>>> print(open('query.txt').read())   # compact mmCIF, C-alpha atoms and all ligand atoms
# COMPACT_ATOMS: atom_id res chain seq x y z
CA MET S 764 31.09 -1.88 12.37
CA THR S 765 28.21 0.57 12.57
CA ARG S 766 25.64 0.25 15.34
CA SER S 767 23.09 -0.77 12.65
CA GLU S 768 25.35 -3.60 11.51
CA GLU S 769 25.91 -4.68 15.10
CA LEU S 770 22.17 -4.69 15.89
CA PHE S 771 21.34 -6.46 12.62
CA ALA S 772 23.85 -9.23 13.41
CA GLN S 773 22.21 -9.64 16.83
CA ALA S 774 18.72 -9.53 15.32
CA CYS S 775 19.58 -12.34 12.92
CA THR S 776 20.26 -14.60 15.92
CA VAL S 777 16.73 -14.21 17.32
CA MET S 778 14.50 -13.21 14.37
CA PRO S 779 14.35 -14.87 10.92
CA GLY S 780 16.46 -12.62 8.70
CA GLY S 781 16.65 -10.13 11.56
CA VAL S 782 13.30 -8.57 10.64
CA SER S 783 9.55 -8.72 11.31
CA SER S 784 8.64 -8.27 7.62
CA PRO S 785 10.86 -9.57 4.77
CA VAL S 786 11.30 -6.45 2.61
CA ARG S 787 13.04 -4.66 5.50
CA ALA S 788 16.03 -7.00 5.17
CA PHE S 789 17.27 -5.28 1.94
CA GLY S 790 17.23 -8.63 0.10
CA ARG S 791 16.82 -7.00 -3.32
CA VAL S 792 19.50 -4.35 -2.89
CA GLY S 793 22.00 -6.16 -0.65
CA GLY S 794 23.75 -4.87 2.44
CA ALA S 795 22.60 -4.67 6.05
CA PRO S 796 19.42 -2.72 6.77
CA VAL S 797 19.61 0.53 8.69
CA PHE S 798 18.09 0.43 12.18
CA ALA S 799 15.77 3.37 12.77
CA ALA S 800 15.97 5.30 16.03
CA SER S 801 13.56 8.23 15.65
CA GLY S 802 11.69 10.31 13.14
CA ARG S 803 10.51 13.89 12.89
CA GLY S 804 8.69 15.52 10.00
CA SER S 805 10.25 14.36 6.74
CA ARG S 806 13.33 12.83 8.37
CA ILE S 807 14.31 9.62 10.01
CA THR S 808 17.42 9.22 12.21
CA ASP S 809 19.22 5.90 12.46
CA VAL S 810 20.94 4.36 15.49
CA ASP S 811 24.30 5.76 14.29
CA GLY S 812 22.90 9.28 14.38
CA ARG S 813 22.66 9.65 10.58
CA GLN S 814 19.64 11.51 9.20
CA TYR S 815 17.75 10.69 6.04
CA LEU S 816 15.02 12.30 3.99
CA ASP S 817 12.45 9.49 4.10
CA LEU S 818 10.53 8.57 0.93
CA VAL S 819 9.12 5.36 2.43
CA ASN S 820 7.25 6.76 5.44
CA SER S 821 6.61 3.38 7.01
CA TRP S 822 5.29 2.14 3.64
CA GLY S 823 2.59 4.78 3.49
CA PRO S 824 0.91 5.34 6.86
CA LEU S 825 2.95 8.46 7.73
CA ILE S 826 1.28 10.68 5.15
CA ALA S 827 1.69 13.70 7.46
CA GLY S 828 5.31 12.81 8.28
CA TYR S 829 6.88 11.55 11.49
CA SER S 830 5.68 12.55 14.95
CA HIS S 831 3.18 15.13 13.80
CA PRO S 832 2.31 17.01 17.02
CA ALA S 833 -1.45 16.58 16.51
CA ILE S 834 -1.11 12.82 16.04
CA VAL S 835 1.30 12.39 18.94
CA ALA S 836 -0.99 14.38 21.24
CA ALA S 837 -4.06 12.38 20.19
CA VAL S 838 -2.30 9.05 20.81
CA GLN S 839 -0.84 10.19 24.14
CA ALA S 840 -4.25 11.30 25.36
CA GLU S 841 -5.73 7.87 24.57
CA VAL S 842 -2.81 5.92 26.00
CA ALA S 843 -3.06 7.91 29.24
CA ARG S 844 -6.65 6.63 29.57
CA ALA S 845 -5.99 3.05 28.42
CA THR S 846 -3.86 1.20 25.92
CA SER S 847 -6.75 -1.13 25.16
CA PHE S 848 -10.29 -1.80 26.40
CA GLY S 849 -11.68 -4.82 24.62
CA ALA S 850 -14.91 -2.82 24.75
CA PRO S 851 -16.42 -0.25 22.37
CA CYS S 852 -14.95 3.22 22.83
CA GLU S 853 -15.76 6.68 21.54
CA VAL S 854 -12.66 7.34 19.45
CA GLU S 855 -13.37 4.14 17.51
CA LEU S 856 -16.88 5.40 16.76
CA ARG S 857 -15.53 8.82 15.71
CA LEU S 858 -13.09 7.23 13.27
CA ALA S 859 -15.84 5.00 11.85
CA GLN S 860 -18.05 8.06 11.33
CA LYS S 861 -15.17 9.98 9.78
CA VAL S 862 -14.41 7.22 7.26
CA VAL S 863 -18.07 6.68 6.35
CA GLU S 864 -18.48 10.43 5.86
CA ARG S 865 -15.21 10.74 3.93
CA MET S 866 -16.17 7.92 1.57
CA ALA S 867 -19.15 9.99 0.42
CA GLY S 868 -21.87 7.35 0.34
CA ALA S 869 -19.65 4.50 -0.88
CA ILE S 870 -19.82 2.63 2.42
CA GLY S 871 -22.47 2.36 5.11
CA ARG S 872 -20.63 0.23 7.67
CA ILE S 873 -17.03 -0.39 8.63
CA ARG S 874 -15.31 -3.09 10.69
CA PHE S 875 -11.85 -2.38 12.11
CA THR S 876 -9.01 -4.89 12.12
CA CYS S 877 -5.33 -4.62 13.11
CA SER S 878 -3.78 -5.25 9.67
CA GLY S 879 -4.57 -4.99 6.00
CA THR S 880 -4.12 -8.74 5.74
CA GLU S 881 -7.00 -9.30 8.15
CA ALA S 882 -9.14 -6.70 6.38
CA VAL S 883 -8.79 -8.47 3.01
CA MET S 884 -9.33 -11.89 4.64
CA THR S 885 -12.54 -10.54 6.11
CA ALA S 886 -13.67 -9.06 2.80
CA ALA S 887 -13.12 -12.43 1.12
CA ARG S 888 -15.07 -14.20 3.85
CA ILE S 889 -17.97 -11.78 3.49
CA ALA S 890 -17.95 -12.27 -0.28
CA ARG S 891 -17.87 -16.06 0.02
CA GLY S 892 -20.45 -16.06 2.81
CA ALA S 893 -22.80 -13.75 0.94
CA THR S 894 -22.57 -15.49 -2.44
CA GLY S 895 -22.13 -19.06 -1.24
CA ARG S 896 -19.36 -19.44 -3.84
CA PRO S 897 -15.74 -20.54 -3.31
CA LEU S 898 -13.52 -18.82 -5.88
CA LEU S 899 -11.63 -15.54 -5.90
CA VAL S 900 -10.10 -13.80 -8.92
CA LYS S 901 -6.95 -11.73 -8.35
CA PHE S 902 -4.29 -10.14 -10.54
CA VAL S 903 -0.71 -11.25 -10.96
CA GLY S 904 1.54 -8.88 -8.99
CA CYS S 905 -1.23 -7.42 -6.84
CA TYR S 906 -0.61 -7.83 -3.11
CA HIS S 907 -3.46 -8.20 -0.66
CA GLY S 908 -1.60 -9.25 2.47
CA HIS S 909 -0.21 -12.66 3.38
CA ALA S 910 -3.36 -14.73 3.98
CA ASP S 911 -3.30 -18.13 2.22
CA SER S 912 -5.86 -17.21 -0.44
CA PHE S 913 -3.90 -14.15 -1.53
CA LEU S 914 -0.34 -15.42 -1.47
CA VAL S 915 -0.68 -16.47 -5.06
CA ALA S 916 1.18 -14.40 -7.68
CA ALA S 917 1.43 -11.73 -5.01
CA GLY S 918 3.93 -9.09 -6.07
CA SER S 919 6.62 -7.12 -4.28
CA GLY S 920 7.67 -8.85 -1.06
CA VAL S 921 7.40 -12.26 -2.64
CA ALA S 922 8.79 -11.00 -5.94
CA SER S 923 11.68 -9.29 -4.19
CA LEU S 924 12.65 -12.56 -2.57
CA GLY S 925 12.24 -14.36 -5.88
CA LEU S 926 9.80 -16.83 -4.35
CA PRO S 927 7.41 -18.06 -7.03
CA ASP S 928 4.97 -19.21 -4.41
CA SER S 929 5.01 -19.91 -0.67
CA PRO S 930 5.42 -23.30 0.95
CA GLY S 931 2.78 -23.66 3.64
CA VAL S 932 -0.05 -22.38 1.46
CA PRO S 933 -2.16 -25.53 0.90
CA SER S 934 -2.53 -26.21 -2.81
CA GLU S 935 -6.28 -26.73 -2.41
CA ILE S 936 -6.59 -23.19 -1.00
CA ALA S 937 -4.36 -21.68 -3.70
CA ALA S 938 -6.50 -23.52 -6.28
CA ASP S 939 -9.50 -21.41 -5.22
CA THR S 940 -7.68 -18.24 -6.28
CA LEU S 941 -7.68 -17.70 -10.04
CA THR S 942 -5.03 -15.28 -11.27
CA VAL S 943 -5.08 -13.08 -14.34
CA PRO S 944 -2.36 -10.73 -15.70
CA TYR S 945 -3.13 -7.15 -14.70
CA GLY S 946 -5.03 -4.98 -17.15
CA ARG S 947 -6.47 -7.82 -19.26
CA LEU S 948 -10.25 -7.46 -19.17
CA ASP S 949 -10.49 -9.96 -22.04
CA LEU S 950 -8.93 -12.64 -19.82
CA VAL S 951 -11.17 -11.67 -16.91
CA GLU S 952 -14.14 -12.15 -19.27
CA ARG S 953 -12.82 -15.56 -20.19
CA VAL S 954 -12.33 -16.69 -16.57
CA PHE S 955 -15.87 -15.57 -15.73
CA ALA S 956 -17.26 -17.23 -18.86
CA GLU S 957 -15.71 -20.51 -17.74
CA ARG S 958 -16.33 -20.43 -13.99
CA GLY S 959 -18.52 -17.38 -13.34
CA ASP S 960 -21.09 -19.22 -11.23
CA GLU S 961 -18.37 -20.37 -8.80
CA ILE S 962 -16.70 -16.96 -8.36
CA ALA S 963 -17.44 -15.07 -5.12
CA ALA S 964 -15.43 -11.96 -5.92
CA VAL S 965 -12.82 -10.27 -8.02
CA VAL S 966 -10.31 -8.47 -5.85
CA THR S 967 -8.00 -5.74 -7.10
CA GLU S 968 -5.84 -2.91 -5.81
CA SER S 969 -7.58 0.33 -6.79
CA VAL S 970 -4.16 1.48 -7.98
CA PRO S 971 -1.68 -1.43 -8.04
CA ALA S 972 1.41 -0.40 -6.09
CA ASN S 973 3.01 -3.61 -4.89
CA MET S 974 4.82 -4.44 -8.16
CA GLY S 975 5.84 -0.81 -8.32
CA VAL S 976 2.99 1.52 -9.28
CA ILE S 977 0.88 0.50 -12.26
CA VAL S 978 -1.59 2.98 -13.73
CA PRO S 979 -4.94 1.20 -14.17
CA PRO S 980 -5.92 1.31 -17.87
CA GLU S 981 -8.90 3.55 -18.64
CA GLY S 982 -12.11 1.70 -17.79
CA PHE S 983 -10.35 -1.33 -16.30
CA ASN S 984 -11.74 -1.15 -12.76
CA LYS S 985 -15.18 -0.25 -14.06
CA GLY S 986 -15.01 -3.27 -16.37
CA LEU S 987 -14.18 -5.53 -13.43
CA TYR S 988 -17.16 -4.19 -11.54
CA GLU S 989 -19.46 -4.82 -14.51
CA ILE S 990 -18.18 -8.30 -15.31
CA ALA S 991 -18.38 -9.40 -11.66
CA HIS S 992 -21.92 -8.10 -11.30
CA ARG S 993 -23.07 -9.65 -14.56
CA HIS S 994 -22.07 -13.00 -13.06
CA GLY S 995 -23.51 -12.44 -9.58
CA ALA S 996 -20.06 -11.97 -8.03
CA LEU S 997 -18.81 -9.09 -5.90
CA MET S 998 -16.02 -6.61 -6.45
CA ILE S 999 -13.55 -6.05 -3.63
CA GLN S 1000 -11.47 -2.93 -4.09
CA ASP S 1001 -8.33 -3.07 -1.97
CA GLU S 1002 -7.54 0.49 -0.90
CA VAL S 1003 -5.10 -0.50 1.86
CA LEU S 1004 -2.29 1.37 0.12
CA ALA S 1005 -3.98 3.86 -2.22
CA GLY S 1006 -6.86 4.73 0.13
CA PHE S 1007 -6.70 8.27 1.56
CA ARG S 1008 -3.46 8.75 -0.41
CA VAL S 1009 -4.17 9.09 -4.14
CA SER S 1010 -7.21 11.25 -3.32
CA PRO S 1011 -9.28 12.09 -0.23
CA THR S 1012 -11.48 9.14 -1.26
CA GLY S 1013 -8.64 6.94 -2.52
CA GLY S 1014 -8.53 5.21 -5.89
CA TRP S 1015 -12.34 5.10 -5.93
CA GLY S 1016 -12.35 8.91 -5.85
CA LEU S 1017 -10.43 8.98 -9.13
CA GLN S 1018 -12.47 6.27 -10.83
CA GLY S 1019 -15.75 4.85 -9.53
CA ARG S 1020 -16.88 8.05 -7.90
CA LEU S 1021 -16.54 9.91 -11.20
CA GLU S 1022 -17.84 7.06 -13.35
CA GLY S 1023 -20.84 6.24 -11.13
CA TRP S 1024 -20.02 2.78 -9.78
CA THR S 1025 -19.10 1.60 -6.29
CA PRO S 1026 -17.29 -1.61 -5.32
CA ASP S 1027 -19.22 -3.93 -3.02
CA LEU S 1028 -16.44 -4.03 -0.46
CA PHE S 1029 -13.46 -1.81 0.27
CA THR S 1030 -10.42 -2.56 2.38
CA PHE S 1031 -8.42 0.20 4.04
CA GLY S 1032 -5.13 0.21 5.91
CA LYS S 1033 -1.87 2.16 6.14
CA VAL S 1034 -3.04 5.84 6.18
CA ILE S 1035 -6.24 4.97 8.08
CA GLY S 1036 -4.12 4.05 11.12
CA GLY S 1037 -1.70 6.99 10.93
CA GLY S 1038 1.24 4.70 11.76
CA MET S 1039 -0.51 2.53 14.33
CA PRO S 1040 -1.76 -1.04 13.70
CA LEU S 1041 -5.18 -0.42 12.18
CA ALA S 1042 -7.04 -1.41 9.03
CA ALA S 1043 -10.67 -1.90 8.05
CA VAL S 1044 -13.19 -3.43 5.71
CA GLY S 1045 -16.19 -1.37 4.62
CA GLY S 1046 -19.20 -1.73 2.37
CA ARG S 1047 -22.91 -1.10 2.07
CA ALA S 1048 -24.89 -1.75 5.21
CA GLU S 1049 -26.82 -4.87 4.19
CA LEU S 1050 -23.67 -6.64 3.06
CA MET S 1051 -21.56 -5.63 6.09
CA ASP S 1052 -24.42 -6.60 8.42
CA ARG S 1053 -23.85 -10.21 7.41
CA LEU S 1054 -20.95 -9.99 9.89
CA ALA S 1055 -21.39 -11.22 13.45
CA PRO S 1056 -22.95 -10.18 15.77
CA VAL S 1057 -25.74 -9.07 13.37
CA GLY S 1058 -25.25 -11.88 10.85
CA PRO S 1059 -23.64 -15.32 10.80
CA ILE S 1060 -20.27 -14.51 9.17
CA TYR S 1061 -17.71 -14.59 11.95
CA GLN S 1062 -14.83 -12.15 12.37
CA ALA S 1063 -13.23 -10.73 15.54
CA GLY S 1064 -10.10 -9.25 17.12
CA THR S 1065 -8.82 -8.74 20.68
CA LEU S 1066 -7.16 -5.44 19.77
CA SER S 1067 -9.47 -4.44 16.88
CA GLY S 1068 -10.54 -0.81 17.10
CA ASN S 1069 -7.71 -0.12 19.53
CA PRO S 1070 -8.21 3.38 20.99
CA ALA S 1071 -4.65 4.64 20.46
CA ALA S 1072 -4.65 3.34 16.87
CA CYS S 1073 -8.05 4.90 16.16
CA ALA S 1074 -6.84 8.20 17.63
CA ALA S 1075 -3.81 8.20 15.32
CA GLY S 1076 -6.02 7.43 12.33
CA LEU S 1077 -8.59 10.05 13.22
CA ALA S 1078 -5.95 12.75 13.77
CA THR S 1079 -4.33 11.83 10.45
CA LEU S 1080 -7.59 12.03 8.48
CA GLU S 1081 -8.40 15.33 10.19
CA LEU S 1082 -5.03 16.75 9.10
CA MET S 1083 -5.58 15.54 5.54
CA ASP S 1084 -8.01 18.17 4.30
CA ASP S 1085 -8.23 19.29 0.66
CA ALA S 1086 -5.34 21.73 1.07
CA ALA S 1087 -3.13 18.99 2.53
CA TYR S 1088 -3.89 16.74 -0.48
CA GLN S 1089 -3.02 19.57 -2.87
CA LYS S 1090 0.25 20.01 -1.01
CA LEU S 1091 0.95 16.28 -1.16
CA TYR S 1092 0.30 16.12 -4.92
CA ASP S 1093 2.55 19.12 -5.44
CA ILE S 1094 5.33 17.54 -3.38
CA ALA S 1095 4.99 14.27 -5.31
CA ASP S 1096 5.22 16.19 -8.62
CA ARG S 1097 8.36 17.94 -7.47
CA VAL S 1098 10.02 14.84 -5.99
CA SER S 1099 9.32 12.70 -9.05
CA GLY S 1100 10.38 15.56 -11.33
CA ILE S 1101 13.74 15.88 -9.56
CA VAL S 1102 14.37 12.13 -9.79
CA SER S 1103 13.35 11.95 -13.48
CA ALA S 1104 15.59 14.88 -14.37
CA ALA S 1105 18.58 13.39 -12.53
CA LEU S 1106 18.16 10.00 -14.24
CA ALA S 1107 17.68 11.67 -17.64
CA ARG S 1108 20.83 13.78 -17.21
CA GLU S 1109 22.86 10.62 -16.66
CA GLY S 1110 21.17 8.81 -19.54
CA VAL S 1111 19.59 6.17 -17.27
CA ALA S 1112 16.61 4.53 -18.99
CA HIS S 1113 13.64 4.86 -16.68
CA ARG S 1114 9.87 4.93 -16.52
CA LEU S 1115 7.87 6.95 -14.02
CA ASN S 1116 4.44 5.49 -13.24
CA LYS S 1117 2.39 7.94 -11.22
CA VAL S 1118 -1.16 8.48 -9.98
CA THR S 1119 -1.43 11.85 -8.17
CA SER S 1120 0.75 11.44 -5.06
CA LEU S 1121 1.65 7.78 -5.60
CA PHE S 1122 4.50 6.84 -7.92
CA SER S 1123 7.48 4.63 -8.55
CA PHE S 1124 10.42 4.48 -10.94
CA PHE S 1125 11.35 1.48 -13.05
CA LEU S 1126 14.84 1.40 -14.52
CA THR S 1127 13.81 0.17 -17.95
CA ASP S 1128 12.98 1.74 -21.31
CA GLU S 1129 9.76 -0.18 -21.93
CA PRO S 1130 6.33 0.82 -20.64
CA VAL S 1131 5.51 -0.95 -17.36
CA VAL S 1132 1.90 -2.12 -17.36
CA ASP S 1133 1.90 -5.40 -15.43
CA PHE S 1134 4.05 -7.74 -13.37
CA ALA S 1135 5.87 -9.19 -16.39
CA SER S 1136 7.01 -5.78 -17.64
CA ALA S 1137 7.82 -4.66 -14.06
CA SER S 1138 10.05 -7.72 -13.71
CA ARG S 1139 12.17 -6.70 -16.71
CA GLN S 1140 13.55 -3.60 -14.90
CA ASP S 1141 17.30 -3.39 -14.18
CA HIS S 1142 17.45 -4.49 -10.53
CA GLU S 1143 21.23 -4.15 -10.31
CA ALA S 1144 21.16 -0.55 -11.45
CA PHE S 1145 18.38 0.07 -8.95
CA ALA S 1146 20.49 -1.43 -6.15
CA ARG S 1147 23.38 0.94 -6.99
CA PHE S 1148 20.94 3.85 -7.20
CA PHE S 1149 19.40 2.90 -3.85
CA HIS S 1150 22.71 2.57 -1.97
CA ALA S 1151 24.14 5.79 -3.40
CA ALA S 1152 20.94 7.60 -2.35
CA LEU S 1153 21.17 6.10 1.13
CA ASP S 1154 24.81 7.23 1.41
CA GLU S 1155 23.65 10.70 0.42
CA GLY S 1156 21.00 10.69 3.15
CA VAL S 1157 17.89 9.77 1.13
CA TRP S 1158 15.89 6.73 2.21
CA LEU S 1159 14.20 5.07 -0.77
CA PRO S 1160 12.17 1.87 -0.89
CA PRO S 1161 14.74 -0.96 -1.05
CA SER S 1162 13.31 -2.60 -4.17
CA GLY S 1163 12.22 -1.53 -7.63
CA PHE S 1164 8.95 -3.38 -6.97
CA GLU S 1165 7.90 -0.90 -4.28
CA ALA S 1166 6.05 2.40 -4.41
CA TRP S 1167 7.61 5.65 -3.17
CA PHE S 1168 5.69 7.43 -0.43
CA CYS S 1169 5.78 11.18 0.07
CA SER S 1170 4.50 13.02 3.13
CA THR S 1171 3.19 16.55 3.55
CA ALA S 1172 6.19 17.22 5.85
CA ILE S 1173 8.67 17.44 2.93
CA THR S 1174 10.13 20.97 2.76
CA ASP S 1175 11.93 23.07 0.14
CA ASP S 1176 15.21 22.31 1.95
CA ASP S 1177 14.46 18.61 1.59
CA LEU S 1178 13.93 19.05 -2.14
CA GLU S 1179 17.29 20.79 -2.49
CA HIS S 1180 18.90 17.95 -0.57
CA LEU S 1181 17.08 15.48 -2.84
CA GLU S 1182 18.39 17.22 -5.95
CA ARG S 1183 22.01 16.91 -4.79
CA ALA S 1184 21.55 13.30 -3.69
CA MET S 1185 19.80 12.25 -6.89
CA ALA S 1186 22.63 13.63 -9.01
CA VAL S 1187 25.00 11.23 -7.22
CA ALA S 1188 22.56 8.31 -7.18
CA ALA S 1189 21.75 8.67 -10.90
CA ARG S 1190 25.48 8.63 -11.68
CA ALA S 1191 25.79 5.39 -9.67
CA ALA S 1192 22.83 3.90 -11.57
CA ALA S 1193 24.50 4.81 -14.87
CA GLN S 1194 27.70 2.93 -14.00
CA ALA S 1195 27.54 -0.38 -15.83
C1 LIG U 1 0.09 -3.36 2.68
C2 LIG U 1 -1.02 -3.97 1.90
C3 LIG U 1 -1.83 -5.01 2.41
C4 LIG U 1 -1.50 -5.72 3.70
O1 LIG U 1 -1.60 -4.88 4.80
P1 LIG U 1 -0.79 -5.31 6.15
O2 LIG U 1 -1.23 -4.27 7.14
O3 LIG U 1 0.66 -5.26 5.82
O4 LIG U 1 -1.25 -6.68 6.50
C5 LIG U 1 -2.93 -5.41 1.68
N1 LIG U 1 -3.22 -4.84 0.49
C6 LIG U 1 -2.46 -3.87 -0.03
C7 LIG U 1 -2.86 -3.26 -1.34
C8 LIG U 1 -1.33 -3.41 0.63
O5 LIG U 1 -0.56 -2.47 0.07
>>> encode(input="query.txt", output="structure tokens")
Amino acid sequence: MTRSEELFAQACTVMPGGVSSPVRAFGRVGGAPVFAASGRGSRITDVDGRQYLDLVNSWGPLIAGYSHPAIVAAVQAEVARATSFGAPCEVELRLAQKVVERMAGAIGRIRFTCSGTEAVMTAARIARGATGRPLLVKFVGCYHGHADSFLVAAGSGVASLGLPDSPGVPSEIAADTLTVPYGRLDLVERVFAERGDEIAAVVTESVPANMGVIVPPEGFNKGLYEIAHRHGALMIQDEVLAGFRVSPTGGWGLQGRLEGWTPDLFTFGKVIGGGMPLAAVGGRAELMDRLAPVGPIYQAGTLSGNPAACAAGLATLELMDDAAYQKLYDIADRVSGIVSAALAREGVAHRLNKVTSLFSFFLTDEPVVDFASASRQDHEAFARFFHAALDEGVWLPPSGFEAWFCSTAITDDDLEHLERAMAVAARAAAQA
């Protein structure tokens, strides 16, 4: 028995499935999950002393790699002063200013939370509070955290477990969330035509990445913005995953910023906390000022704006200048190119969906444009591909419904390692 297997067996006796978040349990690919011990740069080391090139990076936050010296130093300096205050602190202000400045006029105010789930919950509450309307519109396969209103047709984690829905979500709450297949503006039009005056907001991932990565069709997000506004509803753009990853200004930087429209509310997470528990909701000042203590819409958090978390986020955003993004895009091109070539050499049908640095592979020969087409991938071939890669020292997301996450710490040596590992993994995928 490996130490990972031993720890996992113990974990299963005190934690449901041995994990704190379901996807970590390897449900889709089988086998016992690897227990992580430490990380440095592009590599993670497990409790058995094995090293892996990591293409998950904590599901996105570690955009600069593990234990970047600047981030570690920033966190250590804060922790030496206090782990938490429960009072305003300067590093929190500096991160708020940094994000407002980075988002180039798209937001005027920001409220920090500890998780993306809370950030989206807060955005929905602001939208409902501001419009006085009850309904939300979301897309099948988009994930917005595990709050009741959003655990409806919610993509990867749920999809990976094969749960159609979650017990414990009251049906009357789920009934207030209308779902539409991704990419279908005509169906969004229809939903708004029928119930437009009851809809508070349409919420979407700026680049869907929780059913694998889906490239938004040309004009889709802009269309959502226009339809919502025509009906007096708001648009919430969830940038928890894509924010500060697909561009310095997230998915908005590739779409709205160029096309001249701005969502009413944004949510951020993952990269904004640099690996610490931090997320945020942002929007124009008069909308955000509906939040307490200025306005009546209540939202709070004991650890919100935690100084160590804000320090990690601030150091991460400071590292991610234009040159760092160029490097990240280049690394993502090379990584995805190596994987595509390996799969092609072995004759494995696959589709690469990619938006700058964010991508995923689907083992299928049909275009993947929504949750239904994502679901028709070959999960068994992916499981063989995943385990062969892991054996070869490459840590991939343990489900074909998850995005791959590169960091700027990936080196030329890593890419050579990847090339060797992918040759083996592609061969495994090809074995019927
Ligand atoms: C990860 C994610 C969330 C939830 O964030 P947590 O910090 O896990 O609660 C919400 N929306 C999107 C798009 C995400 O990828």
>>> residues_around(input="query.txt", residues="Ala937 in chain S", least_positions_apart="3", cutoff="6 Å", atoms="only C-alpha atoms", output="MDAnalysis selection string")
chainID S and resid 912 934 940
>>> residues_around(input="query.txt", residues="Asn984 in chain S", least_positions_apart="2", cutoff="8 Å", atoms="all atoms listed in the file", output="count of residues only")
8
>>> residues_near_ligand(input="query.txt", ligand="ligand LIG 1 (chain U)", cutoff="10 Å", atoms="only C-alpha atoms and all ligand atoms", output="ChimeraX atom specification")
/S:784,822-824,876-884,905-910,913,917,919,967-973,1000-1006,1030-1033,1036,1039-1043,1165-1166
>>> closest_residue(input="query.txt", among="S:Pro1160, S:Arg806, S:Ala1095, S:Asp1177", to="Ala788 in chain S", atoms="all atoms listed in the file")
S:Pro1160
>>> closest_residue(input="query.txt", among="S:Val1009, S:Ala1135, S:Ala893, S:Arg1108", to="Val1187 in chain S", atoms="all atoms listed in the file")
S:Arg1108
>>> residues_around(input="query.txt", residues="Asp1052 in chain S", least_positions_apart="2", cutoff="12 Å", atoms="only C-alpha atoms", output="JSON, numbers by chain")
{"S": [870, 871, 872, 873, 874, 889, 892, 893, 1044, 1045, 1046, 1047, 1048, 1049, 1050, 1054, 1055, 1056, 1057, 1058, 1059, 1060, 1061, 1062]}
>>> write_last_selection(input="query.txt", atoms="C-alpha atoms", output="PDB file, in the coordinates of the input")
ATOM      1  CA  ILE S 870     -19.820   2.630   2.420  1.00  0.00           C
ATOM      2  CA  GLY S 871     -22.470   2.360   5.110  1.00  0.00           C
ATOM      3  CA  ARG S 872     -20.630   0.230   7.670  1.00  0.00           C
ATOM      4  CA  ILE S 873     -17.030  -0.390   8.630  1.00  0.00           C
ATOM      5  CA  ARG S 874     -15.310  -3.090  10.690  1.00  0.00           C
ATOM      6  CA  ILE S 889     -17.970 -11.780   3.490  1.00  0.00           C
ATOM      7  CA  GLY S 892     -20.450 -16.060   2.810  1.00  0.00           C
ATOM      8  CA  ALA S 893     -22.800 -13.750   0.940  1.00  0.00           C
ATOM      9  CA  VAL S1044     -13.190  -3.430   5.710  1.00  0.00           C
ATOM     10  CA  GLY S1045     -16.190  -1.370   4.620  1.00  0.00           C
ATOM     11  CA  GLY S1046     -19.200  -1.730   2.370  1.00  0.00           C
ATOM     12  CA  ARG S1047     -22.910  -1.100   2.070  1.00  0.00           C
ATOM     13  CA  ALA S1048     -24.890  -1.750   5.210  1.00  0.00           C
ATOM     14  CA  GLU S1049     -26.820  -4.870   4.190  1.00  0.00           C
ATOM     15  CA  LEU S1050     -23.670  -6.640   3.060  1.00  0.00           C
ATOM     16  CA  LEU S1054     -20.950  -9.990   9.890  1.00  0.00           C
ATOM     17  CA  ALA S1055     -21.390 -11.220  13.450  1.00  0.00           C
ATOM     18  CA  PRO S1056     -22.950 -10.180  15.770  1.00  0.00           C
ATOM     19  CA  VAL S1057     -25.740  -9.070  13.370  1.00  0.00           C
ATOM     20  CA  GLY S1058     -25.250 -11.880  10.850  1.00  0.00           C
ATOM     21  CA  PRO S1059     -23.640 -15.320  10.800  1.00  0.00           C
ATOM     22  CA  ILE S1060     -20.270 -14.510   9.170  1.00  0.00           C
ATOM     23  CA  TYR S1061     -17.710 -14.590  11.950  1.00  0.00           C
ATOM     24  CA  GLN S1062     -14.830 -12.150  12.370  1.00  0.00           C
TER      25      GLN S1062
END
>>> closest_residue(input="query.txt", among="S:Pro1070, S:Gly1064, S:Thr1127, S:Ala1193", to="Gln839 in chain S", atoms="all atoms listed in the file")
S:Pro1070
>>> residues_near_point(input="query.txt", point="(-22.6, -8.3, -5.3)", cutoff="6 Å", atoms="only C-alpha atoms", output="JSON, numbers by chain")
{"S": [996, 997, 1027]}
>>> residues_around(input="query.txt", residues="Phe771 in chain S", least_positions_apart="6", cutoff="12 Å", atoms="all atoms listed in the file", output="PyMOL selection string")
chain S and resi 764-765+777-782+787-789+794-799+810
>>> residues_near_point(input="query.txt", point="(6.0, -2.1, -11.1)", cutoff="12 Å", atoms="all atoms listed in the file", output="JSON, numbers by chain")
{"S": [903, 904, 905, 906, 918, 919, 922, 923, 945, 970, 971, 972, 973, 974, 975, 976, 977, 978, 979, 1113, 1114, 1115, 1116, 1117, 1122, 1123, 1124, 1125, 1126, 1127, 1129, 1130, 1131, 1132, 1133, 1134, 1135, 1136, 1137, 1138, 1139, 1140, 1141, 1142, 1162, 1163, 1164, 1165, 1166, 1167]}
>>> residues_around(input="query.txt", residues="Leu1159 in chain S", least_positions_apart="2", cutoff="7 Å", atoms="all atoms listed in the file", output="JSON list (two decimals) with C-alpha atoms, in the frame of the given file")
[["chain", "number", "residue", "atom", "x", "y", "z"],
["S", 817, "ASP", "CA", 12.45, 9.49, 4.10],
["S", 818, "LEU", "CA", 10.53, 8.57, 0.93],
["S", 819, "VAL", "CA", 9.12, 5.36, 2.43],
["S", 1149, "PHE", "CA", 19.40, 2.90, -3.85],
["S", 1157, "VAL", "CA", 17.89, 9.77, 1.13],
["S", 1161, "PRO", "CA", 14.74, -0.96, -1.05]]
>>> atom_distance(input="query.txt", atom1="CA of Ser1170 in chain S", atom2="CA of Ile826 in chain S")
4.5 Å
